[in-house]
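Below: input_32.cif (mmCIF, C-alpha atoms)
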```cif
data_structure
loop_
_atom_site.group_PDB
_atom_site.id
_atom_site.type_symbol
_atom_site.label_atom_id
_atom_site.label_comp_id
_atom_site.auth_asym_id
_atom_site.auth_seq_id
_atom_site.Cartn_x
_atom_site.Cartn_y
_atom_site.Cartn_z
ATOM 1 C CA MET A 212 96.487 3.463 16.797
ATOM 2 C CA LEU A 213 97.470 0.161 15.121
ATOM 3 C CA THR A 214 95.894 -1.071 11.898
ATOM 4 C CA LEU A 215 96.223 -4.716 11.047
ATOM 5 C CA GLY A 216 95.481 -6.158 7.670
ATOM 6 C CA ARG A 217 94.909 -9.726 6.604
ATOM 7 C CA CYS A 218 93.883 -11.536 3.489
ATOM 8 C CA ARG A 219 90.957 -13.933 3.479
ATOM 9 C CA ARG A 220 90.133 -16.201 0.595
ATOM 10 C CA ARG A 221 86.591 -15.677 -0.699
ATOM 11 C CA GLY A 222 85.633 -17.546 -3.805
ATOM 12 C CA ASP A 223 88.408 -17.176 -6.272
ATOM 13 C CA GLY A 224 89.719 -13.928 -5.072
ATOM 14 C CA LEU A 225 91.320 -12.578 -1.989
ATOM 15 C CA ASP A 226 89.340 -10.463 0.465
ATOM 16 C CA HIS A 227 91.462 -7.888 2.064
ATOM 17 C CA THR A 228 90.030 -6.808 5.456
ATOM 18 C CA ALA A 229 91.466 -4.133 7.671
ATOM 19 C CA ARG A 230 90.761 -3.983 11.444
ATOM 20 C CA THR A 231 91.631 -1.115 13.640
ATOM 21 C CA ILE A 232 92.656 -1.780 17.267
ATOM 22 C CA GLN A 233 92.502 1.089 19.845
ATOM 23 C CA PRO A 234 95.089 0.361 22.494
ATOM 24 C CA GLY A 235 94.437 1.317 26.156
ATOM 25 C CA PRO A 236 96.771 3.574 28.142
ATOM 26 C CA ASP A 237 98.689 0.678 29.491
ATOM 27 C CA SER A 238 98.221 -1.538 26.534
ATOM 28 C CA PRO A 239 101.215 -3.720 25.873
ATOM 29 C CA ASP A 240 100.669 -3.064 22.194
ATOM 30 C CA GLN A 241 101.898 0.578 22.502
ATOM 31 C CA THR A 242 104.968 1.425 20.572
ATOM 32 C CA PRO A 243 108.125 2.144 22.585
ATOM 33 C CA VAL A 244 107.979 5.805 21.586
ATOM 34 C CA GLN A 245 104.403 6.183 22.767
ATOM 35 C CA SER A 246 105.149 4.404 26.016
ATOM 36 C CA ARG A 247 108.126 6.624 26.808
ATOM 37 C CA ARG A 248 106.109 9.741 25.972
ATOM 38 C CA SER A 249 103.262 8.770 28.302
ATOM 39 C CA SER A 250 105.654 7.927 31.116
ATOM 40 C CA ARG A 251 107.468 11.219 30.697
ATOM 41 C CA GLU A 252 104.201 13.172 30.810
ATOM 42 C CA ARG A 253 103.165 11.440 34.027
ATOM 43 C CA HIS A 254 106.587 12.138 35.513
ATOM 44 C CA VAL A 255 106.459 15.827 34.563
ATOM 45 C CA SER A 256 102.966 16.150 36.011
ATOM 46 C CA ALA A 257 104.065 14.517 39.278
ATOM 47 C CA MET A 258 107.082 16.806 39.516
ATOM 48 C CA ALA A 259 104.897 19.877 38.964
ATOM 49 C CA GLN A 260 102.500 18.791 41.700
ATOM 50 C CA ALA A 261 105.425 18.148 44.044
ATOM 51 C CA LYS A 262 106.860 21.607 43.395
ATOM 52 C CA ILE A 263 103.497 23.273 44.038
ATOM 53 C CA GLN A 264 103.082 21.370 47.301
ATOM 54 C CA ALA A 265 106.633 22.231 48.356
ATOM 55 C CA LYS A 266 106.004 25.940 47.732
ATOM 56 C CA MET A 267 102.826 25.806 49.792
ATOM 57 C CA ASN A 268 104.604 24.050 52.653
ATOM 58 C CA GLU A 269 107.495 26.514 52.479
ATOM 59 C CA ALA A 270 105.128 29.501 52.721
ATOM 60 C CA THR A 271 103.336 27.957 55.693
ATOM 61 C CA ILE A 272 106.560 27.161 57.536
ATOM 62 C CA SER A 273 107.990 30.625 56.815
ATOM 63 C CA LYS A 274 104.881 32.355 58.151
ATOM 64 C CA PHE A 275 104.779 30.152 61.237
ATOM 65 C CA SER A 276 108.449 30.724 62.009
ATOM 66 C CA ARG A 277 108.134 34.469 61.603
ATOM 67 C CA THR A 278 105.142 34.588 63.972
ATOM 68 C CA MET A 279 106.912 32.519 66.599
ATOM 69 C CA SER A 280 110.011 34.673 66.289
ATOM 70 C CA MET A 281 107.989 37.843 66.872
ATOM 71 C CA ALA A 282 106.289 36.247 69.865
ATOM 72 C CA ASP A 283 109.648 35.230 71.300
ATOM 73 C CA ARG A 284 111.049 38.730 70.902
ATOM 74 C CA SER A 285 107.952 40.265 72.461
ATOM 75 C CA GLY A 286 108.175 37.855 75.379
ATOM 76 C CA ARG A 287 111.832 38.644 75.994
ATOM 77 C CA LEU A 288 111.167 42.393 75.878
ATOM 78 C CA LEU A 289 108.252 42.061 78.283
ATOM 79 C CA GLU A 290 110.375 40.003 80.664
ATOM 80 C CA SER A 291 113.116 42.651 80.558
ATOM 81 C CA LEU A 292 110.598 45.394 81.323
ATOM 82 C CA ASP A 293 109.226 43.402 84.255
ATOM 83 C CA GLN A 294 112.714 43.022 85.695
ATOM 84 C CA LEU A 295 113.430 46.732 85.215
ATOM 85 C CA GLU A 296 110.165 47.636 86.919
ATOM 86 C CA MET A 297 111.165 45.630 89.977
ATOM 87 C CA ARG A 298 114.540 47.363 90.032
ATOM 88 C CA VAL A 299 112.895 50.778 89.741
ATOM 89 C CA GLU A 300 110.603 50.031 92.687
ATOM 90 C CA ALA A 301 113.558 48.730 94.705
ATOM 91 C CA LEU A 302 115.490 51.909 93.864
ATOM 92 C CA ARG A 303 112.624 54.127 94.991
ATOM 93 C CA GLU A 304 112.197 52.154 98.203
ATOM 94 C CA ALA A 305 115.927 52.372 98.939
ATOM 95 C CA ALA A 306 115.958 56.122 98.253
ATOM 96 C CA SER A 307 112.895 56.616 100.445
ATOM 97 C CA ALA A 308 114.552 54.627 103.229
ATOM 98 C CA MET A 309 117.663 56.811 102.910
ATOM 99 C CA GLU A 310 115.490 59.922 103.070
ATOM 100 C CA GLN A 311 113.859 58.684 106.269
ATOM 101 C CA GLU A 312 117.242 57.757 107.733
ATOM 102 C CA ARG A 313 118.507 61.274 107.027
ATOM 103 C CA GLU A 314 115.509 62.781 108.807
ATOM 104 C CA SER A 315 115.975 60.409 111.730
ATOM 105 C CA ILE A 316 119.678 61.277 112.116
ATOM 106 C CA LEU A 317 118.944 65.008 112.047
ATOM 107 C CA GLU A 318 116.231 64.590 114.640
ATOM 108 C CA MET A 319 118.467 62.526 116.921
ATOM 109 C CA LEU A 320 121.336 65.018 116.679
ATOM 110 C CA GLN A 321 119.074 67.933 117.533
ATOM 111 C CA SER A 322 117.515 65.977 120.365
ATOM 112 C CA LEU A 323 120.951 65.090 121.722
ATOM 113 C CA GLN A 324 122.060 68.717 121.674
ATOM 114 C CA ASN A 325 118.984 69.713 123.681
ATOM 115 C CA SER A 326 118.965 66.701 125.972
ATOM 116 C CA PRO A 327 119.084 67.094 129.791
ATOM 117 C CA GLU A 328 122.283 65.028 129.867
ATOM 118 C CA MET A 329 124.103 67.783 127.982
ATOM 119 C CA ARG A 330 123.221 70.171 130.790
ATOM 120 C CA SER A 331 124.530 67.908 133.502
ATOM 121 C CA ILE A 332 128.142 67.741 132.258
ATOM 122 C CA SER A 333 130.963 70.218 132.502
ATOM 123 C CA ASP A 334 131.232 73.183 130.159
ATOM 124 C CA GLY A 335 134.353 71.795 128.473
ATOM 125 C CA GLU A 336 132.772 68.422 127.791
ATOM 126 C CA ARG A 337 129.559 70.057 126.586
ATOM 127 C CA GLU A 338 131.473 72.256 124.175
ATOM 128 C CA GLU A 339 133.401 69.303 122.755
ATOM 129 C CA LEU A 340 130.232 67.248 122.310
ATOM 130 C CA ASN A 341 128.411 70.154 120.696
ATOM 131 C CA LEU A 342 131.248 70.585 118.209
ATOM 132 C CA THR A 343 131.074 66.906 117.297
ATOM 133 C CA ALA A 344 127.283 67.050 116.973
ATOM 134 C CA ALA A 345 127.529 70.171 114.804
ATOM 135 C CA ARG A 346 130.064 68.462 112.542
ATOM 136 C CA LEU A 347 127.811 65.428 112.128
ATOM 137 C CA LEU A 348 124.841 67.691 111.548
ATOM 138 C CA GLY A 349 126.658 69.509 108.755
ATOM 139 C CA ARG A 350 127.754 66.277 107.080
ATOM 140 C CA THR A 351 124.228 64.915 107.252
ATOM 141 C CA LEU A 352 122.781 68.061 105.693
ATOM 142 C CA CYS A 353 125.212 67.640 102.779
ATOM 143 C CA VAL A 354 123.447 64.404 101.872
ATOM 144 C CA GLU A 355 120.585 65.263 99.538
ATOM 145 C CA VAL A 356 118.044 62.553 98.824
ATOM 146 C CA SER A 357 114.873 63.298 96.914
ATOM 147 C CA VAL A 358 112.193 60.911 95.706
ATOM 148 C CA GLY A 359 109.785 62.611 93.330
ATOM 149 C CA THR A 360 106.110 61.732 93.219
ATOM 150 C CA SER A 361 103.810 61.800 90.197
ATOM 151 C CA ARG A 362 100.708 63.784 91.150
ATOM 152 C CA SER A 363 97.518 64.894 89.472
ATOM 153 C CA SER A 364 96.337 68.490 89.771
ATOM 154 C CA GLN A 365 93.882 67.438 92.483
ATOM 155 C CA GLN A 366 96.643 65.716 94.460
ATOM 156 C CA GLU A 367 98.886 68.769 94.102
ATOM 157 C CA ASP A 368 96.168 71.022 95.497
ATOM 158 C CA ALA A 369 95.406 68.647 98.392
ATOM 159 C CA LEU A 370 99.101 68.436 99.335
ATOM 160 C CA ARG A 371 99.457 72.209 99.241
ATOM 161 C CA GLN A 372 96.480 72.716 101.556
ATOM 162 C CA ALA A 373 97.563 69.990 103.999
ATOM 163 C CA THR A 374 101.106 71.391 104.180
ATOM 164 C CA SER A 375 99.752 74.896 104.750
ATOM 165 C CA ILE A 376 97.660 73.722 107.710
ATOM 166 C CA ILE A 377 100.675 72.089 109.368
ATOM 167 C CA ASP A 378 102.874 75.125 108.747
ATOM 168 C CA GLU A 379 100.335 77.439 110.400
ATOM 169 C CA ILE A 380 100.278 75.290 113.535
ATOM 170 C CA VAL A 381 104.081 75.140 113.675
ATOM 171 C CA LYS A 382 104.232 78.950 113.588
ATOM 172 C CA LYS A 383 102.062 79.097 116.718
ATOM 173 C CA LEU A 384 104.070 76.539 118.682
ATOM 174 C CA LEU A 385 106.066 79.143 120.595
ATOM 175 C CA GLU A 386 102.974 81.221 121.333
ATOM 176 C CA ASP A 387 100.735 78.399 122.556
ATOM 177 C CA ALA A 388 102.529 75.072 122.778
ATOM 178 C CA GLY A 389 99.665 73.259 124.523
ATOM 179 C CA SER A 390 96.989 74.187 122.003
ATOM 180 C CA SER A 391 99.334 73.570 119.063
ATOM 181 C CA ARG A 392 100.156 70.135 120.415
ATOM 182 C CA GLN A 393 96.456 69.240 120.594
ATOM 183 C CA ARG A 394 95.942 70.432 117.022
ATOM 184 C CA LEU A 395 98.869 68.358 115.786
ATOM 185 C CA MET A 396 97.509 65.295 117.582
ATOM 186 C CA ALA A 397 94.146 65.792 115.851
ATOM 187 C CA LEU A 398 95.919 66.028 112.491
ATOM 188 C CA HIS A 399 97.958 62.920 113.221
ATOM 189 C CA ALA A 400 94.785 61.060 114.199
ATOM 190 C CA ALA A 401 93.492 61.738 110.691
ATOM 191 C CA CYS A 402 96.474 59.842 109.241
ATOM 192 C CA VAL A 403 96.191 56.575 111.184
ATOM 193 C CA THR A 404 93.834 53.651 110.721
ATOM 194 C CA GLU A 405 93.528 52.577 114.349
ATOM 195 C CA ALA A 406 91.153 54.345 116.709
ATOM 196 C CA PRO A 407 92.933 57.501 117.931
ATOM 197 C CA PRO A 408 92.687 58.778 121.535
ATOM 198 C CA VAL A 409 91.709 62.251 120.322
ATOM 199 C CA ALA A 410 89.156 63.710 117.952
ATOM 200 C CA ILE A 411 89.945 63.511 114.247
ATOM 201 C CA ASP A 412 90.231 66.627 112.122
ATOM 202 C CA GLN A 413 87.754 65.630 109.402
ATOM 203 C CA LYS A 414 88.744 68.391 106.981
ATOM 204 C CA PHE A 415 92.424 67.481 107.222
ATOM 205 C CA GLN A 416 91.590 63.794 106.811
ATOM 206 C CA SER A 417 89.753 64.442 103.538
ATOM 207 C CA LEU A 418 92.771 66.397 102.286
ATOM 208 C CA VAL A 419 95.182 63.605 103.220
ATOM 209 C CA ILE A 420 93.019 61.002 101.494
ATOM 210 C CA SER A 421 93.112 63.127 98.327
ATOM 211 C CA CYS A 422 96.933 63.185 98.382
ATOM 212 C CA ALA A 423 99.167 60.660 96.642
ATOM 213 C CA MET A 424 100.065 57.600 98.703
ATOM 214 C CA GLU A 425 103.703 58.626 99.135
ATOM 215 C CA ASP A 426 102.650 62.112 100.239
ATOM 216 C CA GLN A 427 100.302 60.603 102.812
ATOM 217 C CA LYS A 428 103.223 58.741 104.369
ATOM 218 C CA LYS A 429 105.394 61.872 104.400
ATOM 219 C CA ILE A 430 102.660 63.940 106.062
ATOM 220 C CA LYS A 431 102.254 61.304 108.746
ATOM 221 C CA ARG A 432 106.010 61.134 109.386
ATOM 222 C CA ARG A 433 106.257 64.912 109.647
ATOM 223 C CA LEU A 434 103.475 65.056 112.226
ATOM 224 C CA GLU A 435 105.087 62.259 114.243
ATOM 225 C CA THR A 436 108.418 64.100 114.204
ATOM 226 C CA LEU A 437 106.793 67.335 115.365
ATOM 227 C CA LEU A 438 104.968 65.578 118.194
ATOM 228 C CA ARG A 439 108.162 63.869 119.355
ATOM 229 C CA ASN A 440 110.050 67.151 119.310
ATOM 230 C CA ILE A 441 107.312 68.830 121.342
ATOM 231 C CA LEU A 442 107.319 65.974 123.840
ATOM 232 C CA ASN A 443 111.104 66.116 124.183
ATOM 233 C CA ALA A 444 110.980 69.880 124.657
ATOM 234 C CA GLU A 445 108.298 69.555 127.336
ATOM 235 C CA ASN A 446 110.323 66.912 129.158
ATOM 236 C CA THR A 447 113.402 69.125 129.004
ATOM 237 C CA ILE A 448 111.476 72.081 130.414
ATOM 238 C CA LYS A 449 110.065 69.951 133.222
ATOM 239 C CA LEU A 450 113.507 68.614 134.060
ATOM 240 C CA MET A 451 114.963 72.104 134.149
ATOM 241 C CA ASP A 452 112.144 73.274 136.404
ATOM 242 C CA ASN A 453 112.750 70.347 138.737
ATOM 243 C CA GLN A 454 116.455 71.123 138.838
ATOM 244 C CA LYS A 455 115.689 74.726 139.754
ATOM 245 C CA LEU A 456 113.343 73.576 142.504
ATOM 246 C CA ASP A 457 115.975 71.198 143.850
ATOM 247 C CA GLN A 458 118.564 73.926 143.840
ATOM 248 C CA ALA A 459 116.177 76.282 145.610
ATOM 249 C CA SER A 460 115.376 73.631 148.212
ATOM 250 C CA SER A 461 119.053 72.977 148.797
ATOM 251 C CA SER A 462 119.688 76.679 149.221
ATOM 252 C CA ASN A 463 116.840 77.016 151.733
ATOM 253 C CA GLY A 464 118.029 73.974 153.624
ATOM 254 C CA SER A 465 121.534 75.331 153.924
ATOM 255 C CA LEU A 466 120.142 78.532 155.371
#
```
How would this structure read if it were set down as structure tokens?
Amino acid sequence: MLTLGRCRRRGDGLDHTARTIQPGPDSPDQTPVQSRRSSRERHVSAMAQAKIQAKMNEATISKFSRTMSMADRSGRLLESLDQLEMRVEALREAASAMEQERESILEMLQSLQNSPEMRSISDGEREELNLTAARLLGRTLCVEVSVGTSRSSQQEDALRQATSIIDEIVKKLLEDAGSSRQRLMALHAACVTEAPPVAIDQKFQSLVISCAMEDQKKIKRRLETLLRNILNAENTIKLMDNQKLDQASSSNGSL
């Protein structure tokens, strides 16, 4: 605040009058000290506001970066798990294919040993071929491939019952091959989607449906293998009977 005084002549004496002037904030009449103080206060206030805003921005950026980083890590982990899942499925499919190939090789070797061609060659050649087939059979049996299947208790029970039914029929093959073959065909009809030429075993079909998907495929393959073996055995028996008839006819003709 600035107080100005002046003297004014009144009559014979001097009239001293004082007037007070209130300067504004930007008044040019401020003293240099007051002006510097006001400027410094405004500067300090601006700096404080800037620091507060910077802290707020820093907290926001830090939180945003941390969230994005967690999302990135989660995405990379999920992608890795997806790739591993595909590899696991490929591994199981490859192992299952190897298991089927093993079964196919064993079946072919056994079929070759019992084939009619083996009976139409000399004893020496037959012995040599049988030795080779036995060697290959032994090497194939040394290959062990097993693909486990996750099953519920209901699936375990259904698989056990279905396997038991097939085993009982196999035991009766030598006693009654014709009837056993018809039973196996009815069981196989329960495992296919297309219309079968024979009646379907409804009880067996309900058991197969209750089994795990991989077990359903294995049951179907086993039945197909059994039916092929029976068919090959029947053809071999027929061929042997025909050979005996031919030999008998030749003997009668020579007489």
I would like the residues chosen by the PyMOL selection byres ((chain A and resi 376-387) around 12) on the shown file; could you give them as number ranges by chain? A: 369-375, 388-399, 412, 414-416, 418-419, 430-431, 433-438, 440-441, 444-445
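Taking CA of Leu347 in chain A as the reference point, CA of Gln321 in chain A is found at 10.6 Å.
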Taken to one decimal, the CA of Gln365 in chain A-CA of Met309 in chain A distance is 28.1 Å
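Note that the spacing between CA of Ser307 in chain A and CA of Val356 in chain A amounts to 8.0 Å.
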With distances taken over only C-alpha atoms, the candidate from A:Lys428, A:Ala423, A:Ala259, A:Asn325 nearest Ala401 in chain A is A:Lys428
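All protein, DNA and RNA residues at most 12 Å from (105.0, 56.4, 102.7) are Arg303, Glu304, Ala306, Ser307, Ala308, Glu310, Gln311, Val358, Thr360, Cys402, Cys422, Ala423, Met424, Glu425, Asp426, Gln427, Lys428, Lys429, Ile430, Lys431, Arg432 and Arg433 of chain A, using only C-alpha atoms.
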- Residues in the PyMOL selection byres ((chain A and resi 337-342) around 12), expressed as a ChimeraX atom specification: /A:320-336,343-349
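Of the listed residues (A:Ser250, A:Ala400, A:Gln366, A:Leu352), A:Gln366 comes nearest to Ile420 in chain A; the distances count only C-alpha atoms.
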